[in-house]
Structures are given as C-alpha cells and as structure tokens.
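With PDB, C-alpha atoms, pLDDT in the B column inside, this is final-v2.pdb:
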MODEL        1
ATOM      1  CA  MET A   1      21.683  31.865 -44.341  1.00 46.00           C
ATOM      2  CA  LYS A   2      18.934  32.713 -41.866  1.00 50.00           C
ATOM      3  CA  ALA A   3      20.114  32.989 -38.276  1.00 50.00           C
ATOM      4  CA  LYS A   4      18.233  30.979 -35.691  1.00 52.00           C
ATOM      5  CA  GLU A   5      16.093  33.422 -33.777  1.00 56.00           C
ATOM      6  CA  ILE A   6      16.850  32.358 -30.225  1.00 54.00           C
ATOM      7  CA  VAL A   7      17.256  35.564 -28.285  1.00 55.00           C
ATOM      8  CA  THR A   8      15.744  35.541 -24.813  1.00 54.00           C
ATOM      9  CA  LEU A   9      16.009  37.535 -21.616  1.00 54.00           C
ATOM     10  CA  GLN A  10      18.907  35.266 -20.616  1.00 66.00           C
ATOM     11  CA  ARG A  11      20.525  35.117 -24.042  1.00 71.00           C
ATOM     12  CA  SER A  12      21.357  37.935 -26.463  1.00 80.00           C
ATOM     13  CA  LEU A  13      23.585  35.874 -28.766  1.00 89.00           C
ATOM     14  CA  LEU A  14      22.226  33.987 -31.782  1.00 91.00           C
ATOM     15  CA  ILE A  15      23.221  30.309 -32.005  1.00 92.00           C
ATOM     16  CA  ASP A  16      24.887  30.809 -35.411  1.00 95.00           C
ATOM     17  CA  THR A  17      26.877  33.751 -34.070  1.00 96.00           C
ATOM     18  CA  GLU A  18      27.919  31.724 -31.032  1.00 96.00           C
ATOM     19  CA  LYS A  19      29.195  28.938 -33.303  1.00 97.00           C
ATOM     20  CA  LEU A  20      31.273  31.383 -35.355  1.00 98.00           C
ATOM     21  CA  LEU A  21      32.668  32.994 -32.215  1.00 98.00           C
ATOM     22  CA  ASN A  22      33.572  29.585 -30.750  1.00 97.00           C
ATOM     23  CA  LYS A  23      35.397  28.751 -33.985  1.00 97.00           C
ATOM     24  CA  GLN A  24      37.330  31.989 -33.504  1.00 98.00           C
ATOM     25  CA  VAL A  25      38.095  31.040 -29.896  1.00 98.00           C
ATOM     26  CA  GLU A  26      39.630  27.858 -31.274  1.00 97.00           C
ATOM     27  CA  MET A  27      41.599  29.762 -33.920  1.00 96.00           C
ATOM     28  CA  GLU A  28      42.986  32.211 -31.358  1.00 97.00           C
ATOM     29  CA  GLY A  29      43.865  29.341 -29.003  1.00 96.00           C
ATOM     30  CA  LYS A  30      45.701  27.519 -31.763  1.00 96.00           C
ATOM     31  CA  SER A  31      47.440  30.756 -32.714  1.00 96.00           C
ATOM     32  CA  SER A  32      48.734  31.064 -29.165  1.00 97.00           C
ATOM     33  CA  ALA A  33      49.983  27.477 -29.117  1.00 97.00           C
ATOM     34  CA  TYR A  34      51.493  27.816 -32.591  1.00 97.00           C
ATOM     35  CA  TYR A  35      53.396  30.983 -31.678  1.00 97.00           C
ATOM     36  CA  LEU A  36      54.552  29.441 -28.404  1.00 98.00           C
ATOM     37  CA  SER A  37      55.941  26.473 -30.331  1.00 98.00           C
ATOM     38  CA  MET A  38      57.665  28.821 -32.782  1.00 98.00           C
ATOM     39  CA  ALA A  39      59.106  30.818 -29.864  1.00 97.00           C
ATOM     40  CA  SER A  40      60.553  27.669 -28.339  1.00 98.00           C
ATOM     41  CA  TRP A  41      62.142  26.667 -31.661  1.00 98.00           C
ATOM     42  CA  CYS A  42      63.622  30.166 -32.075  1.00 96.00           C
ATOM     43  CA  HIS A  43      64.945  30.086 -28.516  1.00 96.00           C
ATOM     44  CA  MET A  44      66.512  26.659 -29.126  1.00 97.00           C
ATOM     45  CA  MET A  45      68.127  27.930 -32.341  1.00 96.00           C
ATOM     46  CA  GLY A  46      69.599  31.001 -30.622  1.00 94.00           C
ATOM     47  CA  TYR A  47      67.247  33.610 -32.070  1.00 93.00           C
ATOM     48  CA  GLU A  48      66.560  35.259 -28.711  1.00 93.00           C
ATOM     49  CA  ASN A  49      64.814  38.373 -30.018  1.00 92.00           C
ATOM     50  CA  ALA A  50      62.613  36.374 -32.361  1.00 94.00           C
ATOM     51  CA  ALA A  51      61.766  34.137 -29.396  1.00 95.00           C
ATOM     52  CA  LYS A  52      60.822  37.150 -27.212  1.00 94.00           C
ATOM     53  CA  TYR A  53      58.697  38.528 -30.057  1.00 93.00           C
ATOM     54  CA  LEU A  54      56.873  35.194 -30.378  1.00 96.00           C
ATOM     55  CA  TYR A  55      56.481  34.543 -26.639  1.00 96.00           C
ATOM     56  CA  THR A  56      54.769  37.932 -26.380  1.00 94.00           C
ATOM     57  CA  HIS A  57      52.706  37.184 -29.463  1.00 94.00           C
ATOM     58  CA  ALA A  58      51.583  33.847 -27.966  1.00 96.00           C
ATOM     59  CA  ASP A  59      50.383  35.664 -24.836  1.00 96.00           C
ATOM     60  CA  GLU A  60      48.542  38.245 -26.949  1.00 95.00           C
ATOM     61  CA  GLU A  61      46.752  35.525 -28.919  1.00 96.00           C
ATOM     62  CA  ARG A  62      45.610  33.889 -25.688  1.00 96.00           C
ATOM     63  CA  MET A  63      44.298  37.269 -24.540  1.00 97.00           C
ATOM     64  CA  HIS A  64      42.394  37.570 -27.848  1.00 96.00           C
ATOM     65  CA  MET A  65      40.912  34.117 -27.224  1.00 97.00           C
ATOM     66  CA  MET A  66      39.876  35.002 -23.670  1.00 97.00           C
ATOM     67  CA  LYS A  67      38.283  38.272 -24.756  1.00 98.00           C
ATOM     68  CA  ILE A  68      35.965  36.381 -27.158  1.00 98.00           C
ATOM     69  CA  PHE A  69      35.453  33.609 -24.586  1.00 97.00           C
ATOM     70  CA  HIS A  70      34.163  36.109 -22.022  1.00 97.00           C
ATOM     71  CA  TYR A  71      32.031  37.908 -24.626  1.00 96.00           C
ATOM     72  CA  ILE A  72      30.245  34.656 -25.544  1.00 96.00           C
ATOM     73  CA  ASN A  73      29.488  33.807 -21.916  1.00 93.00           C
ATOM     74  CA  GLU A  74      28.452  37.357 -20.993  1.00 92.00           C
ATOM     75  CA  ALA A  75      26.009  37.379 -23.928  1.00 93.00           C
ATOM     76  CA  GLY A  76      24.348  34.237 -22.574  1.00 91.00           C
ATOM     77  CA  GLY A  77      26.125  31.761 -24.822  1.00 93.00           C
ATOM     78  CA  HIS A  78      28.436  28.902 -23.956  1.00 94.00           C
ATOM     79  CA  ALA A  79      32.110  29.434 -24.771  1.00 95.00           C
ATOM     80  CA  ILE A  80      33.920  26.185 -25.482  1.00 96.00           C
ATOM     81  CA  GLN A  81      37.529  25.533 -24.478  1.00 93.00           C
ATOM     82  CA  PRO A  82      39.122  24.413 -27.740  1.00 90.00           C
ATOM     83  CA  GLU A  83      41.081  21.228 -28.157  1.00 92.00           C
ATOM     84  CA  ILE A  84      44.555  22.226 -29.301  1.00 92.00           C
ATOM     85  CA  THR A  85      46.239  19.575 -31.444  1.00 92.00           C
ATOM     86  CA  ASP A  86      48.483  19.294 -34.488  1.00 92.00           C
ATOM     87  CA  ILE A  87      50.880  22.054 -33.488  1.00 95.00           C
ATOM     88  CA  ARG A  88      54.110  21.988 -35.442  1.00 95.00           C
ATOM     89  CA  HIS A  89      57.304  22.035 -33.337  1.00 97.00           C
ATOM     90  CA  ASN A  90      60.150  22.108 -35.855  1.00 97.00           C
ATOM     91  CA  PHE A  91      60.880  24.523 -38.648  1.00 97.00           C
ATOM     92  CA  ASN A  92      63.390  24.665 -41.474  1.00 97.00           C
ATOM     93  CA  SER A  93      64.473  28.268 -41.019  1.00 95.00           C
ATOM     94  CA  LEU A  94      63.734  31.551 -39.315  1.00 95.00           C
ATOM     95  CA  ARG A  95      62.341  32.828 -42.611  1.00 95.00           C
ATOM     96  CA  GLU A  96      59.916  29.912 -42.754  1.00 97.00           C
ATOM     97  CA  VAL A  97      58.658  30.780 -39.257  1.00 97.00           C
ATOM     98  CA  PHE A  98      57.797  34.309 -40.336  1.00 96.00           C
ATOM     99  CA  GLU A  99      56.319  33.187 -43.662  1.00 97.00           C
ATOM    100  CA  LEU A 100      54.020  30.853 -41.730  1.00 97.00           C
ATOM    101  CA  ILE A 101      53.090  33.667 -39.339  1.00 96.00           C
ATOM    102  CA  LEU A 102      52.000  35.915 -42.204  1.00 97.00           C
ATOM    103  CA  GLU A 103      49.989  33.107 -43.838  1.00 97.00           C
ATOM    104  CA  HIS A 104      48.329  32.384 -40.505  1.00 96.00           C
ATOM    105  CA  GLU A 105      47.500  36.041 -39.794  1.00 96.00           C
ATOM    106  CA  ILE A 106      45.840  36.324 -43.211  1.00 97.00           C
ATOM    107  CA  LYS A 107      43.652  33.296 -42.318  1.00 97.00           C
ATOM    108  CA  VAL A 108      42.751  34.921 -39.003  1.00 97.00           C
ATOM    109  CA  THR A 109      41.802  38.155 -40.796  1.00 97.00           C
ATOM    110  CA  LYS A 110      39.493  36.221 -43.126  1.00 98.00           C
ATOM    111  CA  ALA A 111      37.856  34.478 -40.161  1.00 98.00           C
ATOM    112  CA  ILE A 112      37.348  37.798 -38.348  1.00 98.00           C
ATOM    113  CA  ASN A 113      35.838  39.303 -41.490  1.00 98.00           C
ATOM    114  CA  THR A 114      33.427  36.357 -41.745  1.00 98.00           C
ATOM    115  CA  ILE A 115      32.180  37.018 -38.209  1.00 98.00           C
ATOM    116  CA  VAL A 116      31.844  40.756 -38.832  1.00 98.00           C
ATOM    117  CA  ASP A 117      29.958  40.150 -42.079  1.00 98.00           C
ATOM    118  CA  HIS A 118      27.662  37.651 -40.366  1.00 97.00           C
ATOM    119  CA  ALA A 119      26.985  39.971 -37.404  1.00 97.00           C
ATOM    120  CA  PHE A 120      26.126  42.853 -39.721  1.00 97.00           C
ATOM    121  CA  GLY A 121      23.913  40.633 -41.865  1.00 96.00           C
ATOM    122  CA  VAL A 122      21.830  39.433 -38.910  1.00 95.00           C
ATOM    123  CA  LYS A 123      21.772  42.915 -37.372  1.00 94.00           C
ATOM    124  CA  ASP A 124      23.710  41.792 -34.300  1.00 94.00           C
ATOM    125  CA  PHE A 125      25.248  45.196 -33.819  1.00 94.00           C
ATOM    126  CA  ALA A 126      26.625  44.371 -30.374  1.00 95.00           C
ATOM    127  CA  THR A 127      28.795  41.599 -31.834  1.00 97.00           C
ATOM    128  CA  PHE A 128      29.548  43.750 -34.869  1.00 97.00           C
ATOM    129  CA  SER A 129      30.781  46.518 -32.561  1.00 97.00           C
ATOM    130  CA  PHE A 130      32.719  44.090 -30.340  1.00 97.00           C
ATOM    131  CA  MET A 131      34.529  42.653 -33.375  1.00 98.00           C
ATOM    132  CA  GLN A 132      35.731  46.064 -34.605  1.00 97.00           C
ATOM    133  CA  TRP A 133      38.624  45.852 -32.152  1.00 97.00           C
ATOM    134  CA  TYR A 134      39.666  42.597 -33.855  1.00 97.00           C
ATOM    135  CA  VAL A 135      39.406  44.167 -37.317  1.00 97.00           C
ATOM    136  CA  THR A 136      41.840  46.896 -36.248  1.00 95.00           C
ATOM    137  CA  GLU A 137      44.071  44.417 -34.408  1.00 94.00           C
ATOM    138  CA  GLN A 138      44.312  42.187 -37.476  1.00 95.00           C
ATOM    139  CA  ARG A 139      45.402  45.104 -39.639  1.00 94.00           C
ATOM    140  CA  GLU A 140      48.211  45.700 -37.133  1.00 93.00           C
ATOM    141  CA  GLU A 141      49.074  41.970 -36.955  1.00 93.00           C
ATOM    142  CA  GLU A 142      49.332  41.653 -40.725  1.00 94.00           C
ATOM    143  CA  THR A 143      51.390  44.842 -41.017  1.00 92.00           C
ATOM    144  CA  MET A 144      53.800  43.657 -38.312  1.00 92.00           C
ATOM    145  CA  SER A 145      54.074  40.219 -39.925  1.00 93.00           C
ATOM    146  CA  ARG A 146      54.808  41.722 -43.325  1.00 94.00           C
ATOM    147  CA  ARG A 147      57.407  44.038 -41.802  1.00 92.00           C
ATOM    148  CA  ALA A 148      59.140  41.119 -40.060  1.00 91.00           C
ATOM    149  CA  LEU A 149      59.225  39.132 -43.294  1.00 92.00           C
ATOM    150  CA  GLU A 150      60.560  42.124 -45.265  1.00 92.00           C
ATOM    151  CA  LEU A 151      63.652  42.080 -43.039  1.00 90.00           C
ATOM    152  CA  PHE A 152      64.801  38.874 -44.720  1.00 89.00           C
ATOM    153  CA  ASP A 153      64.696  40.483 -48.165  1.00 90.00           C
ATOM    154  CA  ILE A 154      66.192  43.795 -47.065  1.00 87.00           C
ATOM    155  CA  ILE A 155      69.027  42.398 -44.936  1.00 89.00           C
ATOM    156  CA  GLY A 156      69.618  38.992 -46.501  1.00 86.00           C
ATOM    157  CA  GLU A 157      70.359  35.776 -44.669  1.00 81.00           C
ATOM    158  CA  GLU A 158      74.048  35.342 -45.501  1.00 83.00           C
ATOM    159  CA  GLY A 159      76.925  36.052 -43.132  1.00 81.00           C
ATOM    160  CA  VAL A 160      75.685  38.096 -40.188  1.00 85.00           C
ATOM    161  CA  GLY A 161      72.301  38.543 -41.873  1.00 86.00           C
ATOM    162  CA  LEU A 162      70.356  36.215 -39.583  1.00 86.00           C
ATOM    163  CA  TRP A 163      71.952  37.784 -36.509  1.00 86.00           C
ATOM    164  CA  THR A 164      71.039  41.241 -37.815  1.00 88.00           C
ATOM    165  CA  ILE A 165      67.493  40.102 -38.582  1.00 87.00           C
ATOM    166  CA  ASP A 166      67.172  38.780 -35.027  1.00 85.00           C
ATOM    167  CA  GLN A 167      68.358  42.154 -33.694  1.00 87.00           C
ATOM    168  CA  GLU A 168      65.826  43.981 -35.882  1.00 87.00           C
ATOM    169  CA  LEU A 169      63.065  41.631 -34.702  1.00 88.00           C
ATOM    170  CA  GLY A 170      63.956  42.738 -31.176  1.00 85.00           C
ATOM    171  CA  LYS A 171      63.435  46.352 -32.217  1.00 86.00           C
ATOM    172  CA  LEU A 172      60.168  45.444 -33.919  1.00 81.00           C
ATOM    173  CA  HIS A 173      59.052  43.646 -30.755  1.00 73.00           C
ATOM    174  CA  ALA A 174      59.983  46.640 -28.618  1.00 76.00           C
ATOM    175  CA  ALA A 175      58.144  49.021 -30.948  1.00 74.00           C
ATOM    176  CA  SER A 176      55.008  46.888 -30.867  1.00 71.00           C
ATOM    177  CA  ALA A 177      55.212  46.699 -27.072  1.00 64.00           C
ATOM    178  CA  GLY A 178      55.765  50.462 -26.835  1.00 62.00           C
ATOM    179  CA  VAL A 179      59.181  50.287 -25.154  1.00 52.00           C
ATOM    180  CA  ASN A 180      62.665  51.376 -26.130  1.00 49.00           C
ATOM    181  CA  PRO A 181      64.873  48.514 -27.414  1.00 46.00           C
TER     182      PRO A 181
ENDMDL
END
Represent the structure of the file as structure tokens.
Amino acid sequence: MKAKEIVTLQRSLLIDTEKLLNKQVEMEGKSSAYYLSMASWCHMMGYENAAKYLYTHADEERMHMMKIFHYINEAGGHAIQPEITDIRHNFNSLREVFELILEHEIKVTKAINTIVDHAFGVKDFATFSFMQWYVTEQREEETMSRRALELFDIIGEEGVGLWTIDQELGKLHAASAGVNP
C-alpha cells in the first residue's frame, strides 16, 4: 500500500496515517465507554474494587484517546470525535467482564501494531516514535488483564472466592496506580 504523499508546510501527517490514527481514536473512545459500563455493572453488583479498577481504566482509555487526538491535530491532520454506540451494559459474571477485557486489550494491541508497522513502512518516524508509548502501554495493559483473570483460577469463585477476588482486584488497582492498598 503506497501512502498518499500529501505532506506540506501545514501538514506533516500522511492521509493514510491520519485515517489509521482516527480509527485508533475511535477504539480508545469505545474502550473508555466499555470500561465505564463494566465499572457501573460491577458497582451495581457490589464489586466495589473491581468498579474502582474499571472507573480508573475508563479514564485512562479516554486519556489515551485524547493523546492521539491532539497528536493528529498538532501534525496538521483532523482528529475526528468518534461516535460511541453499541456498548454492552449487562454481563453474566465478574469473570466474563475480565475475559472480555483481555480479549479487548488484545484487539487494541493488534491495532496499535498495525499503526506502528504502517508508520515504519512509510518512514513516518515521528508517528512511529509517538506510538512507542502505546506499544509499551499495551504490554502493561495485557499483563494486568491476564493477572486479573488469573485470580479467578487461583482463588476460585465458590464461597468467599468472588469477595476475595474483588479484594485482590483492589490491590491490583492500587499497584497499577502506584499507591498502597
């Protein structure tokens, strides 16, 4: 795929790169809405620590979206506010919430890798460099998601298991935020 060569004094971002970045803006925006919906469900179900973890995660995803949004505009492109629809609001279990989070984070990693590969291929080293933060962030996101999901297998969901998992999610949240639980 040959990138459209439209780089001017006012614009340093290729059209194809801008399109990929706007798709990522949409993905990050949907991630934020998705995690906010999950947080609300957890809160409603009494999983307070899981809810805190997800409220924070929703804010982080919005920050990721805004960081790309600003990058597009500062590079002379046009960042597009995404339409956020089709957000799920009910879940079958706490485990399902965290299974869906891991699946989603893997999709985000693939999308980030597509942008990085594209930027390298068209020698857009500014975008390539900018996206390295996201590459590192996604490694952390996937690791945290896997760790959260492992709690279900390690602790089990019977008896006080779900309560214990919620407590451990609070510790995981505190560790990721850099505070003492």
> So what does the PyMOL selection byres ((chain A and resi 148) around 9) actually pick up in this one, as a ChimeraX atom specification?
Replying inline: /A:98,143-147,149-152,165,168-169,172
Just need the box for segment 107-120 of chain A, edges along x, y and z, holding every atom the file lists for it with 4 Å tacked onto each side, so centre and edge lengths in Å to one decimal, as JSON.
{"center_x": 34.9, "center_y": 38.1, "center_z": -40.3, "size_x": 25.5, "size_y": 17.6, "size_z": 13.7}
May I have the protein, DNA and RNA residues with an atom at most 7 Å from (24.0, 35.0, -27.6), counting only C-alpha atoms in the file's coordinates, returned as a PDB file with C-alpha atoms, in the coordinates of the input?
ATOM      1  CA  VAL A   7      17.256  35.564 -28.285  1.00 55.00           C
ATOM      2  CA  ARG A  11      20.525  35.117 -24.042  1.00 71.00           C
ATOM      3  CA  SER A  12      21.357  37.935 -26.463  1.00 80.00           C
ATOM      4  CA  LEU A  13      23.585  35.874 -28.766  1.00 89.00           C
ATOM      5  CA  LEU A  14      22.226  33.987 -31.782  1.00 91.00           C
ATOM      6  CA  ILE A  15      23.221  30.309 -32.005  1.00 92.00           C
ATOM      7  CA  GLU A  18      27.919  31.724 -31.032  1.00 96.00           C
ATOM      8  CA  ILE A  72      30.245  34.656 -25.544  1.00 96.00           C
ATOM      9  CA  ALA A  75      26.009  37.379 -23.928  1.00 93.00           C
ATOM     10  CA  GLY A  76      24.348  34.237 -22.574  1.00 91.00           C
ATOM     11  CA  GLY A  77      26.125  31.761 -24.822  1.00 93.00           C
TER      12      GLY A  77
END
>> Using all atoms listed in the file, which protein or nucleic acid residues come within 8 Å of segment 113-124 of chain A? Drop anything in the same chain fewer than 2 positions from it, and give the result as a count of residues only.
In response: 14
>> So the first atom is atom CA of Tyr53 of chain A and the second is atom CA of Ile68 of chain A; what is the distance between them in Å, to one decimal place?
In response: 23.0 Å
>> When you look at segment 81-91 of chain A with a cut-off of 10 Å (counting all atoms listed in the file), what residues show up, excluding the ones that are within fewer than 6 positions of it in the same chain? I need them as a list in words.
In response: Asn22, Lys23, Gln24, Val25, Glu26, Met27, Glu28, Gly29, Lys30, Ser31, Ser32, Ala33, Tyr34, Tyr35, Leu36, Ser37, Met38, Ala39, Ser40, Trp41, Cys42, Met65, Met66, Phe69, Val97 and Leu100 of chain A
>> I'd like the interatomic distance between atom CA of Glu60 of chain A and atom CA of Ile112 of chain A, to a tenth of an Å.
In response: 16.0 Å
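Using all atoms listed in the file, the shortest contact distance between Thr56 of chain A and any of A:Arg95, A:Leu162, A:Ile80, A:Ser176 is found at A:Ser176.
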> Between atom CA of Gly170 of chain A and atom CA of Lys52 of chain A, what is the spacing in Å?
Replying inline: 7.5 Å
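With all atoms listed in the file as the basis for measurement, A:Lys19 is the residue among A:Lys19, A:Glu137, A:Gly156, A:Ala174 that approaches His78 of chain A most closely.
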